[in-house]
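Okay, start-v2.pdb is below, PDB, C-alpha atoms:
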ATOM      1  CA  GLY A  10       1.454  -2.282   5.083  1.00  0.00           C
ATOM      2  CA  TRP A  11       5.142  -2.063   5.891  1.00  0.00           C
ATOM      3  CA  ALA A  12       7.353  -4.184   8.167  1.00  0.00           C
ATOM      4  CA  GLY A  13       4.245  -5.824   9.597  1.00  0.00           C
ATOM      5  CA  ALA A  14       2.406  -2.578  10.363  1.00  0.00           C
ATOM      6  CA  VAL A  15      -0.794  -1.247   8.815  1.00  0.00           C
ATOM      7  CA  PHE A  16      -0.929   2.505   8.171  1.00  0.00           C
ATOM      8  CA  GLN A  17      -3.738   4.822   7.155  1.00  0.00           C
ATOM      9  CA  MET A  18      -4.570   8.484   7.334  1.00  0.00           C
ATOM     10  CA  PRO A  19      -5.801   9.464  10.840  1.00  0.00           C
ATOM     11  CA  TYR A  20      -9.534   9.146  11.325  1.00  0.00           C
ATOM     12  CA  ARG A  21     -11.194  12.547  10.995  1.00  0.00           C
ATOM     13  CA  ASP A  22     -13.092  12.140  14.277  1.00  0.00           C
ATOM     14  CA  MET A  23      -9.932  11.141  16.127  1.00  0.00           C
ATOM     15  CA  ALA A  24      -7.994  14.009  14.604  1.00  0.00           C
ATOM     16  CA  ALA A  25     -10.681  16.483  15.674  1.00  0.00           C
ATOM     17  CA  GLN A  26     -11.016  15.059  19.180  1.00  0.00           C
ATOM     18  CA  ARG A  27      -7.264  14.866  19.800  1.00  0.00           C
ATOM     19  CA  GLY A  28      -6.378  18.080  17.968  1.00  0.00           C
ATOM     20  CA  LEU A  29      -4.099  16.266  15.538  1.00  0.00           C
ATOM     21  CA  ASN A  30      -2.858  19.081  13.368  1.00  0.00           C
ATOM     22  CA  GLU A  31       0.541  17.695  12.354  1.00  0.00           C
ATOM     23  CA  PRO A  32       0.412  15.703   9.111  1.00  0.00           C
ATOM     24  CA  SER A  33       1.136  12.050   9.841  1.00  0.00           C
ATOM     25  CA  LEU A  34       0.184   8.445   9.215  1.00  0.00           C
ATOM     26  CA  TYR A  35      -1.781   6.545  11.828  1.00  0.00           C
ATOM     27  CA  VAL A  36      -0.532   3.103  12.822  1.00  0.00           C
ATOM     28  CA  THR A  37      -3.643   0.951  12.917  1.00  0.00           C
ATOM     29  CA  TRP A  38      -2.116  -2.424  13.717  1.00  0.00           C
ATOM     30  CA  THR A  39       1.127  -4.377  13.995  1.00  0.00           C
ATOM     31  CA  TRP A  40       1.293  -8.131  13.572  1.00  0.00           C
ATOM     32  CA  PRO A  41       2.825 -10.078  16.453  1.00  0.00           C
ATOM     33  CA  GLY A  42       6.316 -11.234  15.509  1.00  0.00           C
ATOM     34  CA  SER A  43       6.735  -8.588  12.809  1.00  0.00           C
ATOM     35  CA  PRO A  44       9.677  -6.163  12.738  1.00  0.00           C
ATOM     36  CA  ALA A  45       7.277  -3.295  13.508  1.00  0.00           C
ATOM     37  CA  ASN A  46       5.997  -5.047  16.619  1.00  0.00           C
ATOM     38  CA  HIS A  47       9.450  -6.233  17.710  1.00  0.00           C
ATOM     39  CA  TYR A  48      10.985  -2.740  17.542  1.00  0.00           C
ATOM     40  CA  GLY A  49       8.155  -0.952  19.366  1.00  0.00           C
ATOM     41  CA  LEU A  50       5.895   0.421  16.660  1.00  0.00           C
ATOM     42  CA  ARG A  51       2.379   0.085  18.073  1.00  0.00           C
ATOM     43  CA  GLY A  52      -1.180   0.815  17.058  1.00  0.00           C
ATOM     44  CA  THR A  53      -2.348   4.399  17.837  1.00  0.00           C
ATOM     45  CA  LEU A  54       1.088   5.895  17.201  1.00  0.00           C
ATOM     46  CA  ARG A  55       1.431   8.405  14.383  1.00  0.00           C
ATOM     47  CA  LEU A  56       4.421   8.278  12.044  1.00  0.00           C
ATOM     48  CA  THR A  57       5.740  11.746  11.157  1.00  0.00           C
ATOM     49  CA  GLU A  58       9.273  11.026   9.868  1.00  0.00           C
ATOM     50  CA  LEU A  59      11.178   8.125   8.369  1.00  0.00           C
ATOM     51  CA  ASP A  60      14.981   8.490   8.382  1.00  0.00           C
ATOM     52  CA  GLY A  61      14.616  12.273   8.610  1.00  0.00           C
ATOM     53  CA  TYR A  62      12.188  12.551   5.693  1.00  0.00           C
ATOM     54  CA  PRO A  63       8.730  13.923   6.561  1.00  0.00           C
ATOM     55  CA  VAL A  64       5.781  11.561   6.212  1.00  0.00           C
ATOM     56  CA  THR A  65       2.566  13.510   5.668  1.00  0.00           C
ATOM     57  CA  ASP A  66       0.341  11.006   3.868  1.00  0.00           C
ATOM     58  CA  LEU A  67       0.390   7.596   2.199  1.00  0.00           C
ATOM     59  CA  ASP A  68       1.959   8.904  -1.014  1.00  0.00           C
ATOM     60  CA  SER A  69       4.822  10.622   0.806  1.00  0.00           C
ATOM     61  CA  PHE A  70       5.333   7.421   2.818  1.00  0.00           C
ATOM     62  CA  LEU A  71       5.791   5.384  -0.377  1.00  0.00           C
ATOM     63  CA  ASP A  72       8.117   8.078  -1.795  1.00  0.00           C
ATOM     64  CA  VAL A  73      10.293   7.945   1.324  1.00  0.00           C
ATOM     65  CA  LEU A  74      10.359   4.147   1.276  1.00  0.00           C
ATOM     66  CA  ALA A  75      11.679   4.294  -2.298  1.00  0.00           C
ATOM     67  CA  LYS A  76      14.437   6.714  -1.196  1.00  0.00           C
ATOM     68  CA  ILE A  77      15.580   4.550   1.701  1.00  0.00           C
ATOM     69  CA  ALA A  78      15.126   1.124   0.063  1.00  0.00           C
ATOM     70  CA  GLY A  79      17.820  -1.352   0.991  1.00  0.00           C
ATOM     71  CA  ARG A  80      18.861   0.240   4.286  1.00  0.00           C
ATOM     72  CA  GLU A  81      19.548  -2.231   7.046  1.00  0.00           C
ATOM     73  CA  SER A  82      17.818  -0.103   9.683  1.00  0.00           C
ATOM     74  CA  VAL A  83      15.722   3.059   9.683  1.00  0.00           C
ATOM     75  CA  ARG A  84      14.794   5.699  12.268  1.00  0.00           C
ATOM     76  CA  LEU A  85      11.171   6.577  12.836  1.00  0.00           C
ATOM     77  CA  LYS A  86       9.785   9.658  14.526  1.00  0.00           C
ATOM     78  CA  VAL A  87       6.396   8.953  16.041  1.00  0.00           C
ATOM     79  CA  LEU A  88       3.839  10.804  18.121  1.00  0.00           C
ATOM     80  CA  THR A  89       1.580   9.355  20.778  1.00  0.00           C
ATOM     81  CA  LEU A  90      -2.083  10.332  20.906  1.00  0.00           C
ATOM     82  CA  ASN A  91      -1.262  12.987  23.493  1.00  0.00           C
ATOM     83  CA  GLY A  92       1.455  14.499  21.259  1.00  0.00           C
ATOM     84  CA  ARG A  93       4.612  13.125  22.867  1.00  0.00           C
ATOM     85  CA  GLU A  94       7.462  12.474  20.459  1.00  0.00           C
ATOM     86  CA  ALA A  95       9.481   9.291  20.412  1.00  0.00           C
ATOM     87  CA  ALA A  96      12.185   7.867  18.181  1.00  0.00           C
ATOM     88  CA  LEU A  97      12.407   4.217  17.185  1.00  0.00           C
ATOM     89  CA  THR A  98      14.918   2.249  15.160  1.00  0.00           C
ATOM     90  CA  LEU A  99      13.525  -0.552  13.031  1.00  0.00           C
ATOM     91  CA  LYS A 100      15.177  -3.198  10.872  1.00  0.00           C
ATOM     92  CA  PRO A 101      12.788  -3.858   7.971  1.00  0.00           C
ATOM     93  CA  ASP A 102      12.406  -7.355   6.555  1.00  0.00           C
ATOM     94  CA  GLY A 103      11.096  -6.994   3.014  1.00  0.00           C
ATOM     95  CA  HIS A 104      11.316 -10.720   2.348  1.00  0.00           C
ATOM     96  CA  ASP A 105       8.924 -11.956   5.044  1.00  0.00           C
ATOM     97  CA  TRP A 106       7.089  -8.643   5.582  1.00  0.00           C
ATOM     98  CA  PRO A 107       6.859  -6.964   2.142  1.00  0.00           C
ATOM     99  CA  THR A 108       5.436  -3.509   1.583  1.00  0.00           C
ATOM    100  CA  ASP A 109       1.971  -3.596   0.117  1.00  0.00           C
ATOM    101  CA  GLU A 110      -0.979  -1.335  -0.516  1.00  0.00           C
ATOM    102  CA  LEU A 111      -4.649  -2.274  -0.392  1.00  0.00           C
ATOM    103  CA  VAL A 112      -6.751  -0.073  -2.686  1.00  0.00           C
ATOM    104  CA  HIS A 113     -10.476  -0.088  -3.370  1.00  0.00           C
ATOM    105  CA  THR A 114     -11.154   0.273  -7.090  1.00  0.00           C
ATOM    106  CA  ALA A 115     -14.258   0.069  -9.232  1.00  0.00           C
ATOM    107  CA  ASP A 116     -13.488  -3.649  -9.649  1.00  0.00           C
ATOM    108  CA  GLY A 117     -13.194  -4.257  -5.909  1.00  0.00           C
ATOM    109  CA  TRP A 118     -10.218  -4.488  -3.569  1.00  0.00           C
ATOM    110  CA  GLN A 119      -6.765  -4.698  -5.137  1.00  0.00           C
ATOM    111  CA  ARG A 120      -3.465  -5.456  -3.404  1.00  0.00           C
ATOM    112  CA  ASN A 121      -0.298  -3.912  -4.853  1.00  0.00           C
ATOM    113  CA  VAL A 122       2.960  -5.433  -3.603  1.00  0.00           C
ATOM    114  CA  PHE A 123       6.127  -3.331  -3.834  1.00  0.00           C
ATOM    115  CA  GLU A 124       8.988  -5.833  -4.172  1.00  0.00           C
ATOM    116  CA  ASP A 125      11.849  -3.323  -3.898  1.00  0.00           C
ATOM    117  CA  LEU A 126      10.660  -1.445  -0.800  1.00  0.00           C
TER     118      LEU A 126
END
Encoding of this model in structure tokens:
Amino acid sequence: GWAGAVFQMPYRDMAAQRGLNEPSLYVTWTWPGSPANHYGLRGTLRLTELDGYPVTDLDSFLDVLAKIAGRESVRLKVLTLNGREAALTLKPDGHDWPTDELVHTADGWQRNVFEDL
């Protein structure tokens, strides 16, 4: 999660049906009132760039967030399900909407919170 949005890799079925060949992260959900929702990031969009850095998977997303940490606003390049590009500007709020990762481990679900992103 970042800025009130939940990201994941695109579903394989959706990628096959829509012909999603460009590496990206799928926006699953945005919480009402969150920065992501306020600035136009919506479920079903795919994030391909963050401040000019390519976003190809969850690891690259976290790497880019570390590079741009502390910026007042960031530019996002997104694609709709039919492949149209759009650019958004978002002001992250790490205090009320921190970056976190939900991971399934052998011990069950684990939430990692990234304080500096």
Practice task
Give the answer as one residue: which of A:Ala12, A:Ala75, A:Leu67, A:Leu59 has the shortest atom-to-atom distance to Lys100 (chain A), using only C-alpha atoms?
Solution key: A:Ala12
Handout entry: Among listed residues A:Leu88, A:Leu71, A:Ile77, A:Ala96, nearest Glu31 (chain A) (using only C-alpha atoms)
Key =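 Looking at the shortest contact to Glu31 (chain A), the residue is A:Leu88.
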Practice task
Apply the PyMOL selection byres ((chain A and resi 61) around 10) to the displayed file and report the matching residues as a list in words.
Solution key: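 That expression, the PyMOL selection byres ((chain A and resi 61) around 10), corresponds here to Thr57, Glu58, Leu59, Asp60, Tyr62, Pro63, Val64, Val73, Val83, Arg84, Leu85 and Lys86 of chain A.
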Exercise for the section: List every protein, DNA or RNA residue with an atom no more than 12 Å from (2.0, -4.4, -6.4) in the file's coordinates, counting all atoms listed in the file, and format the result as a list in words. Expected result: Gly10, Pro107, Thr108, Asp109, Glu110, Leu111, Val112, Gln119, Arg120, Asn121, Val122, Phe123, Glu124, Asp125 and Leu126 of chain A
Practice task
Give me the residues within 7 Å of Arg55 (chain A) as a list in words, counting only C-alpha atoms and dropping any in the same chain fewer than 6 places off.
Solution key: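 Near neighbours after the sequence-gap exclusion: Ser33, Leu34, Tyr35, Val36, Val87, Leu88 and Thr89 of chain A.
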Practice task
Figure out the distance between CA of Ser82 (chain A) and CA of Thr53 (chain A), please, to one decimal in Å.
Solution key: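 These atoms are spaced 22.2 Å apart.
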Practice task
Rounded to one decimal place, report the CA of Leu56 (chain A)-CA of Pro41 (chain A) distance in Å.
Solution key: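 Calculated distance between CA of Leu56 (chain A) and CA of Pro41 (chain A) is 18.9 Å.
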Exercise for the section: Taking the file as shown, find all residues satisfying the PyMOL selection byres ((chain A and resi 47) around 12) and write them as a list in words. Expected result: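 This file gives the following for the PyMOL selection byres ((chain A and resi 47) around 12): Ala12, Gly13, Ala14, Thr39, Trp40, Pro41, Gly42, Ser43, Pro44, Ala45, Asn46, Tyr48, Gly49, Leu50, Arg51, Leu97, Thr98, Leu99, Lys100, Pro101 and Asp102 of chain A.
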Output file for the residues above (C-alpha atoms, as a CSV table (one decimal), in the frame of the given file):
chain,number,residue,atom,x,y,z
A,12,ALA,CA,7.4,-4.2,8.2
A,13,GLY,CA,4.2,-5.8,9.6
A,14,ALA,CA,2.4,-2.6,10.4
A,39,THR,CA,1.1,-4.4,14.0
A,40,TRP,CA,1.3,-8.1,13.6
A,41,PRO,CA,2.8,-10.1,16.5
A,42,GLY,CA,6.3,-11.2,15.5
A,43,SER,CA,6.7,-8.6,12.8
A,44,PRO,CA,9.7,-6.2,12.7
A,45,ALA,CA,7.3,-3.3,13.5
A,46,ASN,CA,6.0,-5.0,16.6
A,48,TYR,CA,11.0,-2.7,17.5
A,49,GLY,CA,8.2,-1.0,19.4
A,50,LEU,CA,5.9,0.4,16.7
A,51,ARG,CA,2.4,0.1,18.1
A,97,LEU,CA,12.4,4.2,17.2
A,98,THR,CA,14.9,2.2,15.2
A,99,LEU,CA,13.5,-0.6,13.0
A,100,LYS,CA,15.2,-3.2,10.9
A,101,PRO,CA,12.8,-3.9,8.0
A,102,ASP,CA,12.4,-7.4,6.6
Handout entry: Atom-to-atom span, CA of His104 (chain A) and CA of Phe70 (chain A), Å
Key = 19.1 Å
Practice task
Rank nothing, just name the residue among A:Thr65, A:Leu74, A:Asn91, A:Thr114 nearest to Trp11 (chain A), using all atoms listed in the file.
Solution key: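 Nearest candidate to Trp11 (chain A) out of A:Thr65, A:Leu74, A:Asn91, A:Thr114: A:Leu74.
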